[in-house]
Every structure is written in structure tokens, then in C-alpha cells.
$ cat model09.csv   # CSV, C-alpha atoms
chain,number,residue,atom,x,y,z
A,1,MET,CA,11.6,-20.9,-22.6
A,2,SER,CA,10.5,-23.9,-20.6
A,3,ARG,CA,10.2,-23.5,-16.9
A,4,MET,CA,12.9,-25.1,-14.7
A,5,LEU,CA,12.2,-26.9,-11.4
A,6,TRP,CA,15.1,-27.7,-9.0
A,7,VAL,CA,14.5,-30.6,-6.6
A,8,ILE,CA,16.9,-30.8,-3.7
A,9,ASP,CA,17.2,-34.2,-2.0
A,10,PRO,CA,19.4,-33.9,1.1
A,11,SER,CA,19.1,-37.5,2.1
A,12,LEU,CA,22.1,-38.8,4.0
A,13,GLN,CA,22.1,-42.5,3.0
A,14,THR,CA,19.5,-43.4,0.4
A,15,PRO,CA,18.2,-41.1,-2.3
A,16,GLU,CA,14.5,-40.3,-2.3
A,17,SER,CA,14.1,-41.4,-5.9
A,18,GLN,CA,10.4,-42.2,-5.7
A,19,GLY,CA,9.6,-39.0,-3.8
A,20,VAL,CA,11.5,-37.0,-6.4
A,21,ARG,CA,9.5,-38.7,-9.2
A,22,GLN,CA,6.3,-37.8,-7.3
A,23,VAL,CA,7.3,-34.1,-7.4
A,24,LEU,CA,8.3,-34.1,-11.0
A,25,ALA,CA,5.2,-35.9,-12.1
A,26,GLY,CA,3.2,-32.7,-11.7
A,27,TRP,CA,5.7,-30.4,-13.4
A,28,PRO,CA,5.3,-29.5,-17.1
A,29,GLY,CA,8.7,-28.1,-17.7
A,30,GLU,CA,12.4,-29.1,-17.3
A,31,SER,CA,13.9,-30.2,-14.0
A,32,ARG,CA,17.2,-30.8,-12.2
A,33,VAL,CA,17.8,-32.9,-9.2
A,34,PHE,CA,20.5,-32.2,-6.6
A,35,GLN,CA,21.8,-34.6,-3.9
A,36,PRO,CA,24.1,-32.4,-1.8
A,37,ALA,CA,24.7,-34.8,1.0
A,38,LEU,CA,25.2,-37.9,-1.1
A,39,THR,CA,27.1,-36.5,-4.1
A,40,GLY,CA,28.1,-32.9,-3.1
A,41,ASP,CA,26.5,-31.5,-6.2
A,42,GLY,CA,25.0,-28.4,-4.5
A,43,PRO,CA,23.3,-26.1,-5.0
A,44,ARG,CA,25.8,-23.8,-3.3
A,45,PRO,CA,26.8,-20.1,-3.5
A,46,GLY,CA,28.1,-19.4,-6.9
A,47,ASP,CA,25.8,-21.8,-8.7
A,48,GLY,CA,23.3,-19.0,-9.4
A,49,TYR,CA,19.5,-19.2,-9.5
A,50,ASP,CA,18.8,-20.6,-12.9
A,51,CYS,CA,15.4,-22.0,-11.9
A,52,ASP,CA,11.8,-21.0,-11.6
A,53,ALA,CA,10.8,-23.1,-8.5
A,54,VAL,CA,12.5,-25.2,-5.8
A,55,VAL,CA,11.3,-28.2,-3.8
A,56,LEU,CA,13.5,-29.0,-0.8
A,57,LEU,CA,12.9,-32.5,0.6
A,58,GLY,CA,13.6,-34.3,3.9
A,59,SER,CA,16.7,-35.5,5.5
A,60,ALA,CA,17.9,-37.2,8.7
A,61,ALA,CA,20.2,-34.1,9.2
A,62,SER,CA,19.4,-31.4,11.7
A,63,VAL,CA,19.4,-27.7,10.7
A,64,TYR,CA,22.0,-27.2,13.4
A,65,ASP,CA,24.5,-29.7,12.0
A,66,GLN,CA,27.7,-28.2,10.6
A,67,HIS,CA,28.0,-30.4,7.5
A,68,PRO,CA,29.8,-28.5,4.7
A,69,TRP,CA,27.1,-29.3,2.3
A,70,LEU,CA,24.4,-28.0,4.7
A,71,LEU,CA,26.3,-24.7,5.3
A,72,GLU,CA,26.6,-24.3,1.5
A,73,LEU,CA,23.0,-25.1,0.9
A,74,SER,CA,21.9,-22.7,3.6
A,75,ALA,CA,24.0,-19.9,2.1
A,76,TRP,CA,22.4,-20.6,-1.3
A,77,LEU,CA,18.9,-20.6,0.2
A,78,ARG,CA,19.2,-17.3,2.2
A,79,PRO,CA,18.6,-14.9,-0.8
A,80,ILE,CA,15.4,-16.9,-1.6
A,81,VAL,CA,14.2,-16.8,2.0
A,82,ARG,CA,15.0,-13.1,2.2
A,83,GLY,CA,13.1,-12.4,-1.0
A,84,GLU,CA,16.2,-11.1,-2.8
A,85,GLU,CA,15.6,-14.0,-5.3
A,86,ARG,CA,11.9,-14.3,-5.8
A,87,ILE,CA,11.7,-18.1,-6.5
A,88,PRO,CA,8.8,-20.2,-5.3
A,89,LEU,CA,10.0,-22.7,-2.7
A,90,LEU,CA,8.3,-25.7,-1.0
A,91,GLY,CA,10.1,-27.2,2.0
A,92,VAL,CA,9.2,-30.7,3.2
A,93,CYS,CA,10.1,-32.0,6.7
A,94,PHE,CA,13.8,-31.1,7.0
A,95,GLY,CA,13.1,-28.6,4.2
A,96,HIS,CA,10.4,-27.1,6.4
A,97,GLN,CA,12.7,-26.9,9.4
A,98,LEU,CA,15.5,-25.3,7.3
A,99,LEU,CA,13.3,-22.7,5.7
A,100,ALA,CA,11.8,-21.7,9.1
A,101,HIS,CA,15.3,-21.7,10.7
A,102,LEU,CA,16.7,-19.5,8.0
A,103,ALA,CA,13.7,-17.2,8.5
A,104,GLY,CA,14.5,-16.8,12.2
A,105,ALA,CA,12.4,-19.6,13.8
A,106,GLU,CA,13.6,-22.1,16.4
A,107,VAL,CA,13.7,-25.8,15.8
A,108,GLY,CA,13.9,-28.4,18.5
A,109,PHE,CA,13.3,-32.1,19.3
A,110,LEU,CA,9.7,-33.2,19.6
A,111,ARG,CA,10.3,-35.5,22.5
A,112,GLU,CA,12.7,-35.5,25.4
A,113,ASP,CA,14.1,-38.9,24.4
A,114,LYS,CA,14.6,-37.7,20.8
A,115,SER,CA,12.5,-40.5,19.5
A,116,LYS,CA,10.8,-40.3,16.1
A,117,ARG,CA,7.2,-39.6,15.5
A,118,LEU,CA,6.1,-42.0,12.8
A,119,GLY,CA,3.0,-43.0,11.0
A,120,ILE,CA,-0.2,-41.5,9.6
A,121,GLU,CA,-1.8,-38.6,11.4
A,122,THR,CA,-4.4,-35.9,10.7
A,123,SER,CA,-3.3,-32.4,9.9
A,124,ALA,CA,-5.8,-29.5,10.0
A,125,TRP,CA,-5.2,-27.2,7.0
A,126,SER,CA,-6.7,-23.7,7.1
A,127,SER,CA,-7.1,-21.4,4.1
A,128,ASN,CA,-3.9,-20.4,2.4
A,129,ARG,CA,-2.4,-18.9,-0.7
A,130,LEU,CA,-1.9,-22.3,-2.3
A,131,GLY,CA,-5.5,-22.3,-3.4
A,132,ASP,CA,-9.1,-22.7,-2.3
A,133,GLY,CA,-9.0,-26.5,-2.4
A,134,VAL,CA,-6.0,-26.8,0.0
A,135,HIS,CA,-7.8,-26.8,3.3
A,136,GLY,CA,-9.6,-29.1,5.7
A,137,ASP,CA,-8.5,-32.1,7.8
A,138,ARG,CA,-6.1,-34.2,5.8
A,139,ARG,CA,-4.3,-37.5,6.7
A,140,VAL,CA,-0.6,-37.2,6.2
A,141,ILE,CA,2.5,-39.3,6.4
A,142,VAL,CA,4.9,-38.2,9.2
A,143,SER,CA,8.5,-39.2,10.1
A,144,HIS,CA,10.4,-36.7,12.1
A,145,ARG,CA,12.2,-36.1,15.4
A,146,GLU,CA,12.4,-32.4,15.3
A,147,VAL,CA,9.8,-29.7,14.8
A,148,VAL,CA,9.6,-25.9,14.2
A,149,THR,CA,8.8,-24.5,17.7
A,150,THR,CA,8.3,-20.8,16.8
A,151,VAL,CA,6.7,-19.0,13.9
A,152,PRO,CA,9.1,-16.8,11.9
A,153,GLU,CA,8.2,-13.2,11.3
A,154,HIS,CA,6.0,-12.5,8.3
A,155,TYR,CA,4.8,-16.1,8.2
A,156,LYS,CA,1.5,-17.7,9.2
A,157,VAL,CA,0.7,-21.2,10.2
A,158,PHE,CA,-1.7,-22.9,7.9
A,159,ALA,CA,-1.4,-26.5,9.1
A,160,SER,CA,-1.2,-28.0,12.6
A,161,ARG,CA,-1.5,-31.4,14.3
A,162,PRO,CA,-1.8,-32.4,18.0
A,163,GLY,CA,1.6,-31.8,19.4
A,164,VAL,CA,2.9,-30.2,16.2
A,165,ALA,CA,1.5,-26.7,16.2
A,166,VAL,CA,3.6,-25.5,13.3
A,167,ASP,CA,2.9,-28.3,10.7
A,168,GLY,CA,2.8,-25.9,7.7
A,169,ILE,CA,3.7,-22.3,7.2
A,170,GLU,CA,3.5,-19.8,4.4
A,171,HIS,CA,5.0,-16.3,3.9
A,172,GLU,CA,2.6,-13.4,3.9
A,173,SER,CA,3.7,-12.2,0.4
A,174,LEU,CA,6.6,-14.3,-0.9
A,175,PRO,CA,6.0,-17.6,-2.7
A,176,LEU,CA,7.4,-19.6,0.2
A,177,TRP,CA,5.7,-22.6,1.8
A,178,SER,CA,6.8,-25.5,3.9
A,179,VAL,CA,5.2,-28.5,5.7
A,180,GLN,CA,6.5,-30.9,8.4
A,181,PHE,CA,4.8,-34.0,6.9
A,182,HIS,CA,5.7,-35.9,3.7
A,183,PRO,CA,3.3,-35.3,0.7
A,184,GLU,CA,5.8,-36.9,-1.6
A,185,ALA,CA,6.2,-40.2,0.4
A,186,ARG,CA,5.1,-43.4,-1.2
A,187,GLU,CA,5.9,-47.2,-0.9
A,188,GLU,CA,9.7,-46.9,-0.8
A,189,PHE,CA,9.6,-44.2,1.9
A,190,LEU,CA,7.1,-46.2,3.9
A,191,ASN,CA,9.1,-49.4,3.7
A,192,ARG,CA,12.3,-47.6,4.8
A,193,ALA,CA,10.5,-45.8,7.7
A,194,GLY,CA,8.8,-48.9,8.9
A,195,ILE,CA,5.3,-47.7,8.1
A,196,GLU,CA,2.8,-50.3,6.8
A,197,PRO,CA,2.6,-49.5,3.0
A,198,GLY,CA,-1.1,-50.4,2.9
A,199,VAL,CA,-2.0,-47.4,5.0
A,200,ALA,CA,-1.3,-45.1,2.0
A,201,ASP,CA,-4.8,-45.5,0.5
A,202,GLU,CA,-6.2,-43.6,-2.5
A,203,GLN,CA,-7.5,-40.7,-0.4
A,204,LEU,CA,-4.2,-40.1,1.4
A,205,VAL,CA,-2.4,-40.2,-1.9
A,206,ALA,CA,-4.9,-37.8,-3.5
A,207,ASP,CA,-4.5,-35.4,-0.6
A,208,SER,CA,-0.7,-35.6,-0.9
A,209,ARG,CA,-0.9,-34.9,-4.6
A,210,LEU,CA,-3.3,-32.0,-3.9
A,211,LEU,CA,-0.6,-30.1,-2.0
A,212,ILE,CA,2.2,-30.9,-4.4
A,213,ASP,CA,0.2,-30.0,-7.4
A,214,ALA,CA,-1.2,-26.8,-5.8
A,215,PHE,CA,2.4,-25.6,-5.1
A,216,LEU,CA,3.6,-26.5,-8.7
A,217,GLU,CA,0.6,-24.7,-10.2
A,218,ARG,CA,1.2,-21.7,-7.9
A,219,ALA,CA,4.8,-21.7,-8.9
A,220,SER,CA,3.9,-21.8,-12.6
A,221,ALA,CA,1.8,-18.7,-12.1
A,222,GLU,CA,4.8,-16.7,-10.9
A,223,PRO,CA,6.7,-14.6,-13.4
A,224,ALA,CA,9.5,-16.6,-14.9
A,225,HIS,CA,12.7,-16.1,-12.9
A,226,ARG,CA,15.2,-16.9,-15.6

$ encode --input "model09.csv" --output "C-alpha cells"
Amino acid sequence: MSRMLWVIDPSLQTPESQGVRQVLAGWPGESRVFQPALTGDGPRPGDGYDCDAVVLLGSAASVYDQHPWLLELSAWLRPIVRGEERIPLLGVCFGHQLLAHLAGAEVGFLREDKSKRLGIETSAWSSNRLGDGVHGDRRVIVSHREVVTTVPEHYKVFASRPGVAVDGIEHESLPLWSVQFHPEAREEFLNRAGIEPGVADEQLVADSRLLIDAFLERASAEPAHR
């Protein structure tokens, strides 16, 4: 049976179509894309866990919002975060914050005026279970107002930036990872965010693909869930 990847795009206004394609480009099996905020298609409790890996992308929503779709998504994610459903998960930006929040961490605004941190920054990656090649100083695309402010129990920080101490986390044993930056972001994202597209040079794109591909390879190495 072919492996199944679920990509969850919780965008509030415009779907992250190009970012979704970037994730799917490295996946050899089948896939399904959800847009819970835009179309209300889940996943939600009762939908089951008929997948072998999950990528949860960014959103302008806050983990503390009470949107019905977010409450349903959080309820669906909890068994994965608790390890009751052992499914590899990569959270990106809002996905990073939601994973950490569900694991018991605090999330808060980065700045008192709630302004957005936007552009290209350098994230320091330490050794982690995604693989030997995923380490070192890497330029990353960032666009966020909130950050994870505490480290959840049983997680370790593997990426940090000045002012963003928890830029990436991984669980000590479960196949769970998340990052505050956007490895999936390309021209469409940069244009919408107001970042000059030309800054996404070949090395930045290669580093971004490195993290995505490392997760997908790691996910493929897990026993099939279905």
C-alpha cells in the first residue's frame, strides 16, 4: 500500500498552494490536502487517522482563537501529540505554535506592539533526529507575530534565532518536529508577505528543501500507520 501524507493548510484568506506543492514535491506516495479554515474540510474528530505523515502549515490565526475549525483541528491533533497515534508530524509557523501549545507550552506575541517579524534571518540548527545533514547556521524565511515562549516537556530545542529562542523543537522519542520559520515558502508567499522575492536565492531554497526532505524521509522510515 502506498504511503499517505496529509497536508493541512489552515490559511484564513488565500490557500498556500505553492507551499503545499513544495511539500508534496518530496513525497513519493499519495497525498490529501485539507483547508479547514477556508473550506471546513477538517481533519476533525471522527475523521480517523488514515495517514502515515502530517504537515501542518502556517496561518494568521492564533492558537488561542476559538474558531470552530481550530477547536476541531486541535482535538484531532491531540492523540498524535500525546503519542496515542504514532504519526510523524511537522508543524510550520502556526503549526509549530499549535503543536507546542497542545504539548503544554506557552505562546505569546513577539513584540509589545504585536507587529510582525518579517524577512530573511539566520537560524542556528543543532544536531537532531531529522538527520546528520540538518544542522548549522541556515538562512530562513520568517513571517510571524507570535512565538513559542516555553519548551514543552519531553521536547528539546534544535533551532534558535536572536530573539526567537524556540525556533524549532523535536520530541525526545516521538516523530514530532516543528519550526517557527517557513521552509515551504516561495515566490507567492514572499509576494503576499511583502518580502522581496529575489532574496530567496539557490542556497536558501536548498536549505529549505533540506529540512522538508529530511522530515519526509524520516516519516517514510516509520512503520506504516495504516

$ atom_distance --input "model09.csv" --atom1 "CA of Arg138 in chain A" --atom2 "CA of Ser123 in chain A"
5.3 Å

$ closest_atom_pairs --input "model09.csv" --of "range 130-168 of chain A" --to "range 110-121 of chain A" --cutoff "7 Å" --atoms "all atoms listed in the file" --output "CSV"
residue,atom,partner,partner_atom,distance
A:Arg139,CA,A:Glu121,CA,5.4
A:Val140,CA,A:Ile120,CA,5.5
A:Ile141,CA,A:Ile120,CA,4.7
A:Val142,CA,A:Leu118,CA,5.4
A:Ser143,CA,A:Leu118,CA,4.6
A:His144,CA,A:Lys116,CA,5.4
A:Arg145,CA,A:Lys116,CA,4.5
A:Glu146,CA,A:Leu110,CA,5.1
A:Val147,CA,A:Leu110,CA,5.9

$ residues_around --input "model09.csv" --residues "range 178-195 of chain A" --least-positions-apart "2" --cutoff "8 Å" --atoms "all atoms listed in the file" --output "MDAnalysis selection string"
chainID A and resid 16 18:20 22:23 89:97 99 118:119 140:144 147 159 166:170 176 197 199:200 205 207:209 211:212

$ residues_around --input "model09.csv" --residues "Lys156 in chain A" --least-positions-apart "2" --cutoff "8 Å" --atoms "all atoms listed in the file" --output "PDB file with C-alpha atoms, in the frame of the given file"
ATOM      1  CA  VAL A 151       6.700 -19.000  13.900  1.00  0.00           C
ATOM      2  CA  HIS A 154       6.000 -12.500   8.300  1.00  0.00           C
ATOM      3  CA  PHE A 158      -1.700 -22.900   7.900  1.00  0.00           C
ATOM      4  CA  ILE A 169       3.700 -22.300   7.200  1.00  0.00           C
ATOM      5  CA  GLU A 170       3.500 -19.800   4.400  1.00  0.00           C
ATOM      6  CA  HIS A 171       5.000 -16.300   3.900  1.00  0.00           C
ATOM      7  CA  GLU A 172       2.600 -13.400   3.900  1.00  0.00           C
TER       8      GLU A 172
END

$ atom_distance --input "model09.csv" --atom1 "CA of Val33 in chain A" --atom2 "CA of Ala214 in chain A"
20.2 Å

$ residues_around --input "model09.csv" --residues "His101 in chain A" --least-positions-apart "6" --cutoff "9 Å" --atoms "all atoms listed in the file" --output "MDAnalysis selection string"
chainID A and resid 63 107 148 152

$ atom_distance --input "model09.csv" --atom1 "CA of Leu71 in chain A" --atom2 "CA of Glu222 in chain A"
28.1 Å

$ residues_around --input "model09.csv" --residues "Ser173 in chain A" --least-positions-apart "3" --cutoff "12 Å" --atoms "only C-alpha atoms" --output "PyMOL selection string"
chain A and resi 81-83+86+88+128-130+153-156+170+176-177

$ closest_residue --input "model09.csv" --among "A:Asp132, A:Glu72, A:Glu106, A:Asp47" --to "Thr149 in chain A" --atoms "only C-alpha atoms"
A:Glu106

$ closest_residue --input "model09.csv" --among "A:Asp50, A:Asp9, A:Asp201, A:Asp213" --to "Gly131 in chain A" --atoms "all atoms listed in the file"
A:Asp213
